[in-house]
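Next comes final-v6.cif, a file with mmCIF, C-alpha atoms.
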```
data_final
#
loop_
_atom_site.group_PDB
_atom_site.id
_atom_site.type_symbol
_atom_site.label_atom_id
_atom_site.label_comp_id
_atom_site.auth_asym_id
_atom_site.auth_seq_id
_atom_site.Cartn_x
_atom_site.Cartn_y
_atom_site.Cartn_z
ATOM 1 C CA MET Z 12 -15.115 -1.309 21.643
ATOM 2 C CA LYS Z 13 -13.277 -1.831 18.355
ATOM 3 C CA ALA Z 14 -13.789 -5.584 18.675
ATOM 4 C CA LEU Z 15 -17.575 -5.032 18.676
ATOM 5 C CA LYS Z 16 -17.715 -3.174 15.357
ATOM 6 C CA LEU Z 17 -20.172 -4.894 13.023
ATOM 7 C CA LYS Z 18 -20.685 -7.673 15.597
ATOM 8 C CA ILE Z 19 -23.930 -6.640 17.316
ATOM 9 C CA PRO Z 20 -26.987 -6.374 15.057
ATOM 10 C CA PRO Z 21 -28.467 -2.859 15.200
ATOM 11 C CA PRO Z 22 -31.891 -4.146 16.364
ATOM 12 C CA VAL Z 23 -30.105 -5.357 19.523
ATOM 13 C CA TYR Z 24 -28.931 -1.787 20.159
ATOM 14 C CA LEU Z 25 -32.509 -0.621 19.584
ATOM 15 C CA LEU Z 26 -33.937 -3.113 22.090
ATOM 16 C CA ALA Z 27 -31.265 -2.261 24.640
ATOM 17 C CA PHE Z 28 -31.975 1.449 24.360
ATOM 18 C CA LEU Z 29 -35.734 0.888 24.555
ATOM 19 C CA GLY Z 30 -35.108 -0.919 27.838
ATOM 20 C CA LEU Z 31 -32.667 1.684 29.132
ATOM 21 C CA MET Z 32 -35.113 4.462 28.306
ATOM 22 C CA TRP Z 33 -37.868 2.671 30.208
ATOM 23 C CA LEU Z 34 -35.511 2.158 33.142
ATOM 24 C CA LEU Z 35 -34.606 5.852 33.239
ATOM 25 C CA HIS Z 36 -38.277 6.759 33.001
ATOM 26 C CA THR Z 37 -39.262 4.518 35.897
ATOM 27 C CA LYS Z 38 -36.250 5.109 38.170
ATOM 28 C CA LEU Z 39 -35.232 8.673 37.327
ATOM 29 C CA PRO Z 40 -38.087 10.436 35.512
ATOM 30 C CA VAL Z 41 -36.718 13.984 36.221
ATOM 31 C CA PHE Z 42 -39.927 15.764 35.058
ATOM 32 C CA GLN Z 43 -42.975 15.093 32.907
ATOM 33 C CA LEU Z 44 -42.262 16.442 29.430
ATOM 34 C CA VAL Z 45 -45.254 15.044 27.520
ATOM 35 C CA PRO Z 46 -48.351 14.500 29.666
ATOM 36 C CA PRO Z 47 -51.160 12.086 28.855
ATOM 37 C CA PRO Z 48 -53.012 11.913 26.537
ATOM 38 C CA TRP Z 49 -50.505 13.769 24.322
ATOM 39 C CA ASN Z 50 -47.879 11.122 24.990
ATOM 40 C CA LYS Z 51 -49.866 8.711 22.776
ATOM 41 C CA ALA Z 52 -48.566 10.665 19.777
ATOM 42 C CA GLY Z 53 -45.304 8.836 20.372
ATOM 43 C CA LEU Z 54 -46.976 5.615 19.246
ATOM 44 C CA LEU Z 55 -47.832 7.234 15.910
ATOM 45 C CA LEU Z 56 -44.199 8.176 15.509
ATOM 46 C CA VAL Z 57 -43.154 4.596 16.282
ATOM 47 C CA ALA Z 58 -45.634 3.266 13.687
ATOM 48 C CA PHE Z 59 -44.372 5.728 11.050
ATOM 49 C CA ALA Z 60 -40.755 4.730 11.735
ATOM 50 C CA LEU Z 61 -41.581 1.016 11.524
ATOM 51 C CA LEU Z 62 -43.254 1.553 8.145
ATOM 52 C CA THR Z 63 -40.250 3.507 6.899
ATOM 53 C CA ASP Z 64 -37.915 0.743 8.082
ATOM 54 C CA LEU Z 65 -40.018 -1.898 6.316
ATOM 55 C CA LEU Z 66 -40.064 0.151 3.116
ATOM 56 C CA SER Z 67 -36.294 0.568 3.319
ATOM 57 C CA LEU Z 68 -35.830 -3.150 3.888
ATOM 58 C CA GLY Z 69 -38.086 -3.916 0.937
ATOM 59 C CA LEU Z 70 -35.777 -1.928 -1.336
ATOM 60 C CA PHE Z 71 -32.939 -4.305 -0.431
ATOM 61 C CA PHE Z 72 -35.089 -7.297 -1.389
ATOM 62 C CA ARG Z 73 -36.098 -5.617 -4.651
ATOM 63 C CA ALA Z 74 -32.426 -4.971 -5.468
ATOM 64 C CA HIS Z 75 -31.527 -8.610 -4.606
ATOM 65 C CA THR Z 76 -28.831 -7.495 -2.206
ATOM 66 C CA THR Z 77 -28.084 -8.248 1.426
ATOM 67 C CA PHE Z 78 -29.734 -6.340 4.232
ATOM 68 C CA ASN Z 79 -27.539 -8.039 6.836
ATOM 69 C CA PRO Z 80 -25.798 -5.208 8.702
ATOM 70 C CA ILE Z 81 -23.175 -7.582 10.085
ATOM 71 C CA HIS Z 82 -21.931 -8.401 6.561
ATOM 72 C CA PRO Z 83 -22.047 -5.256 4.406
ATOM 73 C CA GLU Z 84 -19.303 -6.769 2.247
ATOM 74 C CA ARG Z 85 -21.971 -9.074 0.765
ATOM 75 C CA ALA Z 86 -23.807 -6.133 -0.810
ATOM 76 C CA LYS Z 87 -24.257 -6.577 -4.549
ATOM 77 C CA THR Z 88 -26.014 -3.307 -5.292
ATOM 78 C CA LEU Z 89 -25.939 0.202 -3.901
ATOM 79 C CA VAL Z 90 -29.497 1.158 -2.920
ATOM 80 C CA THR Z 91 -30.067 4.909 -3.341
ATOM 81 C CA SER Z 92 -33.811 5.244 -4.023
ATOM 82 C CA GLY Z 93 -36.806 5.769 -1.758
ATOM 83 C CA PRO Z 94 -35.812 6.962 1.724
ATOM 84 C CA TYR Z 95 -32.156 6.455 0.758
ATOM 85 C CA ARG Z 96 -32.454 9.719 -1.206
ATOM 86 C CA TYR Z 97 -32.765 11.618 2.093
ATOM 87 C CA THR Z 98 -30.491 9.680 4.438
ATOM 88 C CA ARG Z 99 -27.866 7.028 3.786
ATOM 89 C CA ASN Z 100 -29.185 5.107 6.784
ATOM 90 C CA PRO Z 101 -32.992 5.249 6.805
ATOM 91 C CA MET Z 102 -33.289 2.060 8.851
ATOM 92 C CA TYR Z 103 -30.972 3.431 11.541
ATOM 93 C CA ALA Z 104 -32.682 6.828 11.359
ATOM 94 C CA GLY Z 105 -35.950 4.912 11.733
ATOM 95 C CA MET Z 106 -34.582 3.323 14.889
ATOM 96 C CA LEU Z 107 -33.796 6.793 16.220
ATOM 97 C CA VAL Z 108 -37.360 7.888 15.412
ATOM 98 C CA ILE Z 109 -38.683 4.755 17.168
ATOM 99 C CA LEU Z 110 -36.675 5.705 20.255
ATOM 100 C CA THR Z 111 -37.935 9.282 20.030
ATOM 101 C CA GLY Z 112 -41.528 8.051 19.786
ATOM 102 C CA TRP Z 113 -40.934 5.735 22.734
ATOM 103 C CA GLY Z 114 -39.556 8.668 24.719
ATOM 104 C CA ILE Z 115 -42.641 10.737 23.881
ATOM 105 C CA TYR Z 116 -44.868 7.845 24.920
ATOM 106 C CA LEU Z 117 -43.014 7.436 28.223
ATOM 107 C CA GLY Z 118 -43.471 11.156 28.710
ATOM 108 C CA SER Z 119 -40.622 12.039 31.049
ATOM 109 C CA PHE Z 120 -37.500 13.965 30.095
ATOM 110 C CA SER Z 121 -34.791 11.531 31.193
ATOM 111 C CA PRO Z 122 -35.218 8.919 28.385
ATOM 112 C CA PHE Z 123 -34.349 11.603 25.824
ATOM 113 C CA LEU Z 124 -30.884 11.908 27.338
ATOM 114 C CA LEU Z 125 -30.026 8.548 25.736
ATOM 115 C CA LEU Z 126 -30.801 9.592 22.146
ATOM 116 C CA PRO Z 127 -27.428 11.276 21.473
ATOM 117 C CA LEU Z 128 -25.667 8.253 22.961
ATOM 118 C CA PHE Z 129 -27.599 5.960 20.596
ATOM 119 C CA VAL Z 130 -26.549 8.087 17.593
ATOM 120 C CA MET Z 131 -22.887 8.137 18.680
ATOM 121 C CA LEU Z 132 -22.791 4.408 19.464
ATOM 122 C CA LEU Z 133 -24.500 3.293 16.261
ATOM 123 C CA THR Z 134 -22.371 5.660 14.187
ATOM 124 C CA ALA Z 135 -19.122 4.369 15.701
ATOM 125 C CA GLN Z 136 -19.969 0.676 15.926
ATOM 126 C CA GLN Z 137 -22.032 0.186 12.775
ATOM 127 C CA ILE Z 138 -22.248 3.057 10.326
ATOM 128 C CA ILE Z 139 -18.609 4.109 9.965
ATOM 129 C CA PRO Z 140 -17.388 0.495 9.547
ATOM 130 C CA GLU Z 141 -20.168 -0.106 6.987
ATOM 131 C CA GLU Z 142 -19.202 3.030 5.098
ATOM 132 C CA LYS Z 143 -15.562 1.946 4.848
ATOM 133 C CA ILE Z 144 -16.586 -1.398 3.375
ATOM 134 C CA LEU Z 145 -19.053 0.203 0.941
ATOM 135 C CA GLU Z 146 -16.404 2.711 -0.176
ATOM 136 C CA GLU Z 147 -14.033 -0.159 -0.964
ATOM 137 C CA LYS Z 148 -16.734 -2.158 -2.713
ATOM 138 C CA PHE Z 149 -18.478 0.567 -4.731
ATOM 139 C CA GLY Z 150 -15.726 3.201 -4.985
ATOM 140 C CA GLY Z 151 -16.673 6.429 -6.723
ATOM 141 C CA ALA Z 152 -20.379 5.602 -6.882
ATOM 142 C CA TYR Z 153 -20.536 5.374 -3.093
ATOM 143 C CA LEU Z 154 -18.355 8.454 -2.603
ATOM 144 C CA ALA Z 155 -20.677 10.471 -4.867
ATOM 145 C CA TYR Z 156 -23.681 9.148 -2.928
ATOM 146 C CA LYS Z 157 -21.996 10.125 0.360
ATOM 147 C CA ALA Z 158 -21.355 13.620 -0.979
ATOM 148 C CA ARG Z 159 -25.018 14.280 -1.818
ATOM 149 C CA VAL Z 160 -26.920 12.390 0.926
ATOM 150 C CA PRO Z 161 -26.418 12.928 4.670
ATOM 151 C CA ARG Z 162 -25.540 10.094 7.048
ATOM 152 C CA TRP Z 163 -28.547 10.712 9.309
ATOM 153 C CA PHE Z 164 -30.989 13.534 8.574
ATOM 154 C CA TRP Z 165 -28.367 16.202 9.154
#
```

Write the structure described by the file as structure tokens, please.
Amino acid sequence: MKALKLKIPPPVYLLAFLGLMWLLHTKLPVFQLVPPPWNKAGLLLVAFALLTDLLSLGLFFRAHTTFNPIHPERAKTLVTSGPYRYTRNPMYAGMLVILTGWGIYLGSFSPFLLLPLFVMLLTAQQIIPEEKILEEKFGGAYLAYKARVPRWFW
């Protein structure tokens, strides 16, 4: 898996997990966790996460720095405002919230089993390699940011 670090764009992971969650829901639903019509609340969560991701992306444009997760070494500025005050990875956290909303919308329990796997995979394949590059590039400023802001929400 080391060869895949920083090679697969995070939205590809998101799409893959959306599909896997649907597959688990249709083939192995286990039990209904969120019945209709309450499951529609998941769509609100998805919409909120998409807005947060767009806001986070906009901060990269405003700072005139790269948002390309495959090439974090191209970053010119460390973005620490907006949602970046609460999590170092609001776009990835947004993806987790999208998956959570999708799971609520699907309604069965089994899709939720994939959420920890998504966090572990994205952390290992994307976030930790990004952090190493940002530490080298921004040094103490990034280390201080890491010390005060959590990687995810925890």

Item checked: Selection result for the PyMOL selection byres ((chain Z and resi 73) around 12) on this file, as a count of residues only -> 18

Note to self: With the PyMOL selection byres ((chain Z and resi 38-45) around 7) as the selection, what would be picked from this file? Answer as a list in words, please.
What the structure shows: Leu34, Leu35, His36, Thr37, Pro46, Pro47, Trp49, Asn50, Ile115, Gly118, Ser119, Phe120 and Ser121 of chain Z

Notebook entry, point to check: So what does the PyMOL selection byres ((chain Z and resi 111) around 8) actually pick up in this one, as a PyMOL selection string?
Noted result: chain Z and resi 53+56-57+107-110+112-115+123+126

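Minimum atom-to-atom distances from Z:Tyr156, Z:Phe28, Z:Tyr116, Z:Trp165 to Z:Glu142 were compared using only C-alpha atoms, and the lowest value belongs to Z:Tyr156.
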
Assuming 6 Å of padding per side, give the centre and edge lengths of the axis-aligned box around every listed atom of stretch 53-65 of chain Z, in Å to one decimal and as AutoDock Vina command-line options.
```
--center_x -42.9 --center_y 3.5 --center_z 13.3 --size_x 21.9 --size_y 22.7 --size_z 26.1
```

Note to self: Restricting the calculation to only C-alpha atoms: of Z:Leu15, Z:Met102, Z:Leu133, Z:Ile138, which residue gets closest to Z:Asp64?
What the structure shows: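 Distance minimum relative to Z:Asp64 lands on Z:Met102.
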
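Using all atoms listed in the file, the nearest neighbour of Z:Pro80 within the list Z:Leu128, Z:Ile144, Z:Ala14, Z:Leu29 is Z:Ile144.
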
Check: Using all atoms listed in the file, which of Z:Pro21, Z:Pro140, Z:Ala152, Z:Val160 sits nearest Z:Glu84?
Finding: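 Going through Z:Pro21, Z:Pro140, Z:Ala152, Z:Val160 one by one, the smallest distance to Z:Glu84 is for Z:Pro140.
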
Notebook entry, point to check: Do you have the atom CA of Z:Lys148-atom CA of Z:Tyr95 distance handy?
Noted result: 18.0 Å

Could you complete stretch 134-149 of chain Z so that it carries N, CA and C atoms, and give it back as a PDB file, in the coordinates of the input?
```pdb
ATOM      1  N   THR Z 134     -23.275   5.093  15.194  1.00  0.00           N
ATOM      2  CA  THR Z 134     -22.371   5.660  14.187  1.00  0.00           C
ATOM      3  C   THR Z 134     -20.997   5.015  14.291  1.00  0.00           C
ATOM      4  N   ALA Z 135     -20.471   4.916  15.509  1.00  0.00           N
ATOM      5  CA  ALA Z 135     -19.122   4.369  15.701  1.00  0.00           C
ATOM      6  C   ALA Z 135     -19.059   2.862  15.468  1.00  0.00           C
ATOM      7  N   GLN Z 136     -20.036   2.137  15.962  1.00  0.00           N
ATOM      8  CA  GLN Z 136     -19.969   0.676  15.926  1.00  0.00           C
ATOM      9  C   GLN Z 136     -20.512   0.063  14.641  1.00  0.00           C
ATOM     10  N   GLN Z 137     -21.385   0.781  13.934  1.00  0.00           N
ATOM     11  CA  GLN Z 137     -22.032   0.186  12.775  1.00  0.00           C
ATOM     12  C   GLN Z 137     -21.842   1.011  11.502  1.00  0.00           C
ATOM     13  N   ILE Z 138     -22.187   2.277  11.561  1.00  0.00           N
ATOM     14  CA  ILE Z 138     -22.248   3.057  10.326  1.00  0.00           C
ATOM     15  C   ILE Z 138     -20.873   3.325   9.725  1.00  0.00           C
ATOM     16  N   ILE Z 139     -19.946   3.810  10.514  1.00  0.00           N
ATOM     17  CA  ILE Z 139     -18.609   4.109   9.965  1.00  0.00           C
ATOM     18  C   ILE Z 139     -17.930   2.850   9.417  1.00  0.00           C
ATOM     19  N   PRO Z 140     -17.964   1.716  10.144  1.00  0.00           N
ATOM     20  CA  PRO Z 140     -17.388   0.495   9.547  1.00  0.00           C
ATOM     21  C   PRO Z 140     -18.099   0.069   8.259  1.00  0.00           C
ATOM     22  N   GLU Z 141     -19.428   0.212   8.215  1.00  0.00           N
ATOM     23  CA  GLU Z 141     -20.168  -0.106   6.987  1.00  0.00           C
ATOM     24  C   GLU Z 141     -19.709   0.793   5.842  1.00  0.00           C
ATOM     25  N   GLU Z 142     -19.594   2.075   6.136  1.00  0.00           N
ATOM     26  CA  GLU Z 142     -19.202   3.030   5.098  1.00  0.00           C
ATOM     27  C   GLU Z 142     -17.835   2.702   4.504  1.00  0.00           C
ATOM     28  N   LYS Z 143     -16.892   2.305   5.344  1.00  0.00           N
ATOM     29  CA  LYS Z 143     -15.562   1.946   4.848  1.00  0.00           C
ATOM     30  C   LYS Z 143     -15.643   0.768   3.876  1.00  0.00           C
ATOM     31  N   ILE Z 144     -16.435  -0.217   4.237  1.00  0.00           N
ATOM     32  CA  ILE Z 144     -16.586  -1.398   3.375  1.00  0.00           C
ATOM     33  C   ILE Z 144     -17.283  -1.016   2.067  1.00  0.00           C
ATOM     34  N   LEU Z 145     -18.333  -0.197   2.153  1.00  0.00           N
ATOM     35  CA  LEU Z 145     -19.053   0.203   0.941  1.00  0.00           C
ATOM     36  C   LEU Z 145     -18.195   1.084   0.036  1.00  0.00           C
ATOM     37  N   GLU Z 146     -17.335   1.907   0.631  1.00  0.00           N
ATOM     38  CA  GLU Z 146     -16.404   2.711  -0.176  1.00  0.00           C
ATOM     39  C   GLU Z 146     -15.460   1.806  -0.958  1.00  0.00           C
ATOM     40  N   GLU Z 147     -14.938   0.783  -0.288  1.00  0.00           N
ATOM     41  CA  GLU Z 147     -14.033  -0.159  -0.964  1.00  0.00           C
ATOM     42  C   GLU Z 147     -14.762  -0.925  -2.058  1.00  0.00           C
ATOM     43  N   LYS Z 148     -15.987  -1.317  -1.790  1.00  0.00           N
ATOM     44  CA  LYS Z 148     -16.734  -2.158  -2.713  1.00  0.00           C
ATOM     45  C   LYS Z 148     -17.280  -1.380  -3.916  1.00  0.00           C
ATOM     46  N   PHE Z 149     -17.807  -0.170  -3.667  1.00  0.00           N
ATOM     47  CA  PHE Z 149     -18.478   0.567  -4.731  1.00  0.00           C
ATOM     48  C   PHE Z 149     -17.721   1.807  -5.195  1.00  0.00           C
TER      49      PHE Z 149
END
```
